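Each remark here refers to the structure printed beneath this line.
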Protein chains: 2
Amino acid sequence: MTDNRNLAIQYAHQNIEHFRQSLSDFIRIPSISTDPDHKEDMVLAANWMASQLEQLGMDHVQVFPTAGHPVVFGQSLEHPGRPTVLIYGHYDVQPADPLELWKTEPFDPNQRGENLHARGASDMKGQVVATLKAIESIQKTGDFPVNLKFVIEGEEEIGSPNFLAFLSEQKNLLAADIMLNPDTSMIDANTPTIIYATRGLIYFELRVYGPSHDLHSGMFGGVVHNPAQVLCELVAGMHDEQGRITLPGFYDSVLPLQPEERQDLSRVPLDDDYYKQQAGVSALWGEAGYTSLERIGARPSLDINGLYSGFTGVGSKTVLPAWAMAKLSMRLVPNQDPAEVEKQLTRYLKECAPHTVRWELIHLSGGYAAITDRNSMASNAMFKALETVWRKPPVFKREGGSITVVADLQRFLGVQSVLTGFGLLDDNIHAPNEKLHLPTWERGIDALIHFFYNLVD
Amino acid sequence: MTDNRNLAIQYAHQNIEHFRQSLSDFIRIPSISTDPDHKEDMVLAANWMASQLEQLGMDHVQVFPTAGHPVVFGQSLEHPGRPTVLIYGHYDVQPADPLELWKTEPFDPNQRGENLHARGASDMKGQVVATLKAIESIQKTGDFPVNLKFVIEGEEEIGSPNFLAFLSEQKNLLAADIMLNPDTSMIDANTPTIIYATRGLIYFELRVYGPSHDLHSGMFGGVVHNPAQVLCELVAGMHDEQGRITLPGFYDSVLPLQPEERQDLSRVPLDDDYYKQQAGVSALWGEAGYTSLERIGARPSLDINGLYSGFTGVGSKTVLPAWAMAKLSMRLVPNQDPAEVEKQLTRYLKECAPHTVRWELIHLSGGYAAITDRNSMASNAMFKALETVWRKPPVFKREGGSITVVADLQRFLGVQSVLTGFGLLDDNIHAPNEKLHLPTWERGIDALIHFFYNLVD
């Protein structure tokens, strides 16, 4: 096999204007998955994606219908014996509103300085097109070094409600050695980043029921147990004074951080000042014994996402409310099983809730954490690729959020993911004036070219 | 002085049909104080009231304007040296909605069986007319035994926002020896009741502020202190395991219950089953060491009236909210000063709130508790009056709710109140199909005739 990576990079640089045109074409399709008015645009975007895969010479290009928006598939299995890379992406975008806050039309890409402004430019049409163009650059200048499969969904921005069913049905079709998921961000333009772990999530609504109807707080206060008070007591008991979660057995299965990993994480240039500034707080908080980056990436957390009870309007109403509600969720880390955590929470409530009230725990959503071996062949290939282009080693970071598809692919197909991406933390994704930093995006194409070659180096 | 009480009672019985007509006339004026559309009806009702006082031969009948609805005054000071009774009442009523739940028109009194159905029939136009007619019955059959002053306000159902200012301005005009306030209820038609204490109230909104804006719970969960969690912890700390309130010094000034008083309260036929049934709960709760009736009437309580934070809609949103809010109020008992309690709560928050959040305590409303000597001349006069008519001793009860005017009159004029009334607990006051039990109302007129004579007996 000839390593023509330099020719491929030369091709990429010569054709960068065409690549940008292609990205702009993709962006102009307003593929807003949550909005039924854009149902046809979703089909247009899926078909655009399929035609790109056909132009790359993929076989079996198919637009699979689902109960929601279609999934686009294509593959190229020319090299038996070499690794197969499954490329994950999504062609859907967030809504653009509030429209009045955009400086230019969200679906008409506008370049200002080094940035291209448009909905989806960074999340993630830019990343999808970077991957397509890295592949094109290699194909036009040599033989592609590995086998490829593409799976591009249209429902990532609405929580991928139909993607797990698709994965289960198409388990054989999607079989691969590694997954490349370019849907994460770099910390900044000078800090190439590999995400090697994501947190899981389990989300509940906890309801506490007291009297059969709202009561007068004068006529019953002090005699009827107030469900809002009970809810607060139950919530308060879920953390101890060290910021640890008190559910019975909660930490038993948590994968501990190894010294070497803590050392790697300490290299990530996101310090407490960064988090304070981003959050707009004067002091941080968290589990004793861990840095902020460790707390976010490697330790579970429990948050109250919402509270409701009784009278919440302006002024006063002397009601003893009939019920109270908390939305509460936990971010889980590798080795924690959401089903086990639900049992732990249920056990806590059974042990701690007083007999003067009734309670109900409603499971709303959930997903597993995931972790990838930082020393795998694919991680090494990406590490070297980023190091070559940026002339400095990338950082390994753990993501505090949840990327369901990463855990699902690991659980259903046994495939580990390499997570990276060439958007930046300040790209305003999901917000007005989303942007893509074009010089970083162009370096990203180069890095992906190196990555595919490195896989067989 | 001749005691013509039997002639007066005879007069009342002979004229009961006229009395009912008079009550119906009063009810037909829809004097809804909270509804600006009924501003003219408020004036009509005040004028109706004034004309009644004039017909009773009162002097200085005046309709005093206030910043809101007017206050009606009148007096008769014919007997220097004898007690002056200040009669308190209100001519305003609650709104009638939801209208569709009324069986007949709310402002067109409808008699069904022994009950007269209409808004205001029980609360408190019926009680006001009973008092007027007791006085008329005495006047028509003899010499009135005591001096009288009337103060009838039009804003009781909206919290008497302008009444305290009126009391302060007209302190001399309102000077009296005792106040008669017939705005409370009997436990049932066979249990005449004297209320001798009311609880005070202090109502706050407690806000806890965390990050400057809502955060993603994955990207910040475990690092930024969640203000909803902090709020719950602060609320949870306000009660101990004995159901006692933990604010520093909270019970220091509470007037303890005397053994004799506890014995009296134990005679009130409202047991735990009654409260369970009214509240629709399977078990009661409260401060250790007290009965339900004692907890409601004689012990302070702290209730959460409302909770709000973050996402409260259907489904899940993974937000770490920027702020959280609780409406919280305390019912206070005699000797507790609301201003002191506010300091205690502030001190608790200063001691317990973590430095990772900011908090704000907004005072919304408040008022003092009140207590009347059960052995005063006026209490004795009412006790005997009720005992004579019902042929059994009345019960002394402490009210869990707050009747601001009682405490204000006690504080500003040094006047103790006798609280009674001839509505029943099941009269649907503030609800559709309000009713007045006519036989009880007629006995009430008799009892008031006895009361006025007993004052000089």
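Residue numbering restarts at 1 in every chain; chains get A, B, ... in the order shown in the structure tokens, and ligands count up from 1 in that same order.
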* Residues flagged alpha helix (DSSP H) by DSSP in range 5-101 of chain B, as a ChimeraX atom specification -> /B:5-14,16-27,39-55
Note to self: I'd like the neighbourhood of range 369-386 of chain A as a PyMOL selection string, where a residue qualifies if any of its atoms comes within 9 Å (using only C-alpha atoms), though same-chain residues fewer than 2 positions away should be ignored.
What the structure shows: chain A and resi 178-180+192-201+331-337+367+388-396+398+402-404+406-408+410-411+416-420+443-444+446-457
*Can you list, as a VMD selection string, every residue of range 252-416 of chain A that DSSP puts in strand (DSSP E)?*
chain A and resid 301 to 310 319 to 320 323 to 332 358 to 367 370 to 371 395 to 399 416
Preceding selection exported with N, CA and C atoms as a short mmCIF file (atom, residue, chain, number, x, y, z; two decimals), in the first residue's frame:
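Okay, result.cif is ready:
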data_model
loop_
_atom_site.label_atom_id
_atom_site.label_comp_id
_atom_site.auth_asym_id
_atom_site.auth_seq_id
_atom_site.Cartn_x
_atom_site.Cartn_y
_atom_site.Cartn_z
N SER A 301 -23.00 12.50 39.09
CA SER A 301 -23.60 13.66 39.75
C SER A 301 -25.11 13.49 39.78
N LEU A 302 -25.75 14.21 40.69
CA LEU A 302 -27.22 14.17 40.82
C LEU A 302 -27.71 15.61 40.83
N ASP A 303 -28.57 15.95 39.89
CA ASP A 303 -29.08 17.32 39.83
C ASP A 303 -30.59 17.37 39.91
N ILE A 304 -31.08 18.43 40.55
CA ILE A 304 -32.50 18.76 40.50
C ILE A 304 -32.68 19.64 39.27
N ASN A 305 -33.45 19.16 38.31
CA ASN A 305 -33.66 19.91 37.07
C ASN A 305 -34.91 20.78 37.12
N GLY A 306 -35.78 20.50 38.08
CA GLY A 306 -37.00 21.29 38.20
C GLY A 306 -37.70 21.00 39.50
N LEU A 307 -38.43 22.00 39.98
CA LEU A 307 -39.24 21.86 41.19
C LEU A 307 -40.58 22.51 40.94
N TYR A 308 -41.62 21.88 41.43
CA TYR A 308 -42.93 22.53 41.36
C TYR A 308 -43.81 22.08 42.52
N SER A 309 -44.48 23.06 43.11
CA SER A 309 -45.53 22.74 44.07
C SER A 309 -46.35 23.98 44.33
N GLY A 310 -47.62 23.78 44.59
CA GLY A 310 -48.50 24.81 45.13
C GLY A 310 -48.56 26.09 44.33
N VAL A 319 -51.59 28.37 50.94
CA VAL A 319 -52.04 27.03 50.59
C VAL A 319 -51.07 25.99 51.17
N LEU A 320 -51.64 24.91 51.64
CA LEU A 320 -50.84 23.73 51.97
C LEU A 320 -51.07 22.80 50.79
N TRP A 323 -49.68 18.38 46.43
CA TRP A 323 -48.58 17.55 45.93
C TRP A 323 -47.39 18.42 45.55
N ALA A 324 -46.27 17.76 45.34
CA ALA A 324 -45.04 18.46 44.98
C ALA A 324 -44.24 17.56 44.05
N MET A 325 -43.43 18.18 43.22
CA MET A 325 -42.73 17.43 42.17
C MET A 325 -41.31 17.92 42.00
N ALA A 326 -40.39 16.99 41.81
CA ALA A 326 -39.03 17.35 41.41
C ALA A 326 -38.67 16.56 40.16
N LYS A 327 -38.08 17.26 39.19
CA LYS A 327 -37.41 16.55 38.10
C LYS A 327 -35.99 16.32 38.60
N LEU A 328 -35.53 15.10 38.59
CA LEU A 328 -34.17 14.86 39.07
C LEU A 328 -33.48 13.86 38.18
N SER A 329 -32.21 14.12 37.94
CA SER A 329 -31.47 13.25 37.03
C SER A 329 -30.07 13.02 37.58
N MET A 330 -29.51 11.91 37.15
CA MET A 330 -28.14 11.59 37.52
C MET A 330 -27.31 11.38 36.27
N ARG A 331 -26.12 11.93 36.29
CA ARG A 331 -25.13 11.61 35.27
C ARG A 331 -24.34 10.42 35.80
N LEU A 332 -24.23 9.40 34.99
CA LEU A 332 -23.59 8.16 35.44
C LEU A 332 -22.24 8.00 34.76
N ARG A 358 -47.73 9.80 50.09
CA ARG A 358 -47.49 8.79 49.06
C ARG A 358 -46.48 9.38 48.09
N TRP A 359 -45.73 8.51 47.40
CA TRP A 359 -44.80 9.05 46.40
C TRP A 359 -44.82 8.16 45.17
N GLU A 360 -44.34 8.74 44.09
CA GLU A 360 -44.33 8.04 42.81
C GLU A 360 -43.06 8.46 42.09
N LEU A 361 -42.35 7.49 41.54
CA LEU A 361 -41.12 7.77 40.82
C LEU A 361 -41.35 7.39 39.35
N ILE A 362 -41.29 8.39 38.48
CA ILE A 362 -41.56 8.16 37.06
C ILE A 362 -40.24 8.21 36.30
N HIS A 363 -39.90 7.10 35.67
CA HIS A 363 -38.67 7.05 34.86
C HIS A 363 -38.94 7.75 33.53
N LEU A 364 -38.12 8.76 33.20
CA LEU A 364 -38.37 9.51 31.97
C LEU A 364 -37.38 9.17 30.85
N SER A 365 -36.12 9.00 31.17
CA SER A 365 -35.18 8.61 30.12
C SER A 365 -33.89 8.13 30.76
N GLY A 366 -33.06 7.52 29.96
CA GLY A 366 -31.82 7.01 30.53
C GLY A 366 -30.90 6.46 29.47
N GLY A 367 -29.62 6.37 29.80
CA GLY A 367 -28.65 5.79 28.88
C GLY A 367 -27.35 5.55 29.62
N ALA A 370 -20.01 5.62 28.64
CA ALA A 370 -19.12 4.86 27.76
C ALA A 370 -17.69 5.29 28.01
N ILE A 371 -16.77 4.39 27.76
CA ILE A 371 -15.36 4.74 27.89
C ILE A 371 -14.57 3.95 26.84
N VAL A 395 -5.05 16.66 23.87
CA VAL A 395 -5.41 16.26 25.23
C VAL A 395 -6.53 15.21 25.17
N PHE A 396 -6.49 14.34 26.17
CA PHE A 396 -7.58 13.37 26.36
C PHE A 396 -8.54 13.94 27.40
N LYS A 397 -9.78 14.03 27.04
CA LYS A 397 -10.77 14.63 27.95
C LYS A 397 -11.95 13.68 28.10
N ARG A 398 -12.58 13.75 29.27
CA ARG A 398 -13.83 13.01 29.46
C ARG A 398 -14.98 14.00 29.39
N GLU A 399 -16.03 13.61 28.71
CA GLU A 399 -17.16 14.50 28.47
C GLU A 399 -18.18 14.32 29.60
N GLN A 416 -15.82 0.24 19.99
CA GLN A 416 -15.40 1.45 20.71
C GLN A 416 -15.33 2.63 19.74
#
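Put simply, CA of Gly280 in chain B is 17.0 Å away from CA of Asn428 in chain B.
Using only C-alpha atoms, the shortest contact distance between chain B and any of A:Gln344, A:Gln62, A:Asn4, A:Gln277 is found at A:Gln277.
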Which residues are close to Lys39 in chain A, i.e. within 12 Å by only C-alpha atoms, leaving aside same-chain residues fewer than 3 positions away? Reply as a PyMOL selection string. chain A and resi 29-36+42-46+68-70+92+154-155
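For Leu234 in chain A, the residues within 7 Å (counting only C-alpha atoms, excluding itself and residues fewer than 4 positions away along the chain) are A:Val230, A:Met238, A:Cys352, A:Ala353.
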Could you take the residues named above and write them with N, CA and C atoms, as a compact mmCIF listing (two decimals), in the first residue's frame?
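Final output, saved to selection-v5.txt:
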# COMPACT_ATOMS: atom_id res chain seq x y z
N VAL A 230 -41.79 17.54 52.54
CA VAL A 230 -41.29 16.16 52.46
C VAL A 230 -40.39 16.01 51.23
N MET A 238 -30.22 13.34 49.64
CA MET A 238 -29.54 12.62 48.56
C MET A 238 -28.05 12.97 48.43
N CYS A 352 -36.66 6.23 53.25
CA CYS A 352 -36.66 7.59 53.83
C CYS A 352 -38.00 8.31 53.77
N ALA A 353 -38.89 7.94 52.87
CA ALA A 353 -40.14 8.68 52.77
C ALA A 353 -41.04 8.36 53.97
Review point. Skipping near chain neighbours, those fewer than 6 positions away, what residues fall within 9 Å of Leu257 in chain B using only C-alpha atoms, listed as a PyMOL selection string?
Key: chain B and resi 294+298-299
Atom pair CA of Leu255 in chain A + CA of Gly401 in chain A, distance 17.1 Å
Please list as a short mmCIF file (atom, residue, chain, number, x, y, z; two decimals) with N, CA and C atoms, in the first residue's frame every residue within 9 Å of Ile245 in chain A, counting only C-alpha atoms and excluding residues in the same chain fewer than 4 positions away.
data_model
loop_
_atom_site.label_atom_id
_atom_site.label_comp_id
_atom_site.auth_asym_id
_atom_site.auth_seq_id
_atom_site.Cartn_x
_atom_site.Cartn_y
_atom_site.Cartn_z
N GLY A 237 -31.63 14.81 51.47
CA GLY A 237 -30.93 13.63 51.95
C GLY A 237 -30.12 12.91 50.89
N MET A 238 -30.22 13.34 49.64
CA MET A 238 -29.54 12.62 48.56
C MET A 238 -28.05 12.97 48.43
N HIS A 239 -27.61 14.03 49.12
CA HIS A 239 -26.18 14.37 49.15
C HIS A 239 -25.72 14.42 50.60
N ASP A 240 -24.48 14.00 50.86
CA ASP A 240 -23.93 14.22 52.20
C ASP A 240 -23.10 15.49 52.20
N PHE A 250 -24.51 3.37 45.73
CA PHE A 250 -24.40 4.16 44.50
C PHE A 250 -23.00 4.13 43.89
N TYR A 251 -21.97 4.12 44.73
CA TYR A 251 -20.59 4.19 44.18
C TYR A 251 -19.95 2.80 44.01
N GLU A 287 -17.89 17.01 44.76
CA GLU A 287 -17.45 15.89 45.58
C GLU A 287 -16.02 16.10 46.06
N PRO A 300 -19.96 10.52 39.05
CA PRO A 300 -21.40 10.72 38.82
C PRO A 300 -21.90 11.96 39.56
N SER A 301 -23.00 12.50 39.09
CA SER A 301 -23.60 13.66 39.75
C SER A 301 -25.11 13.49 39.78
N LEU A 302 -25.75 14.21 40.69
CA LEU A 302 -27.22 14.17 40.82
C LEU A 302 -27.71 15.61 40.83
#
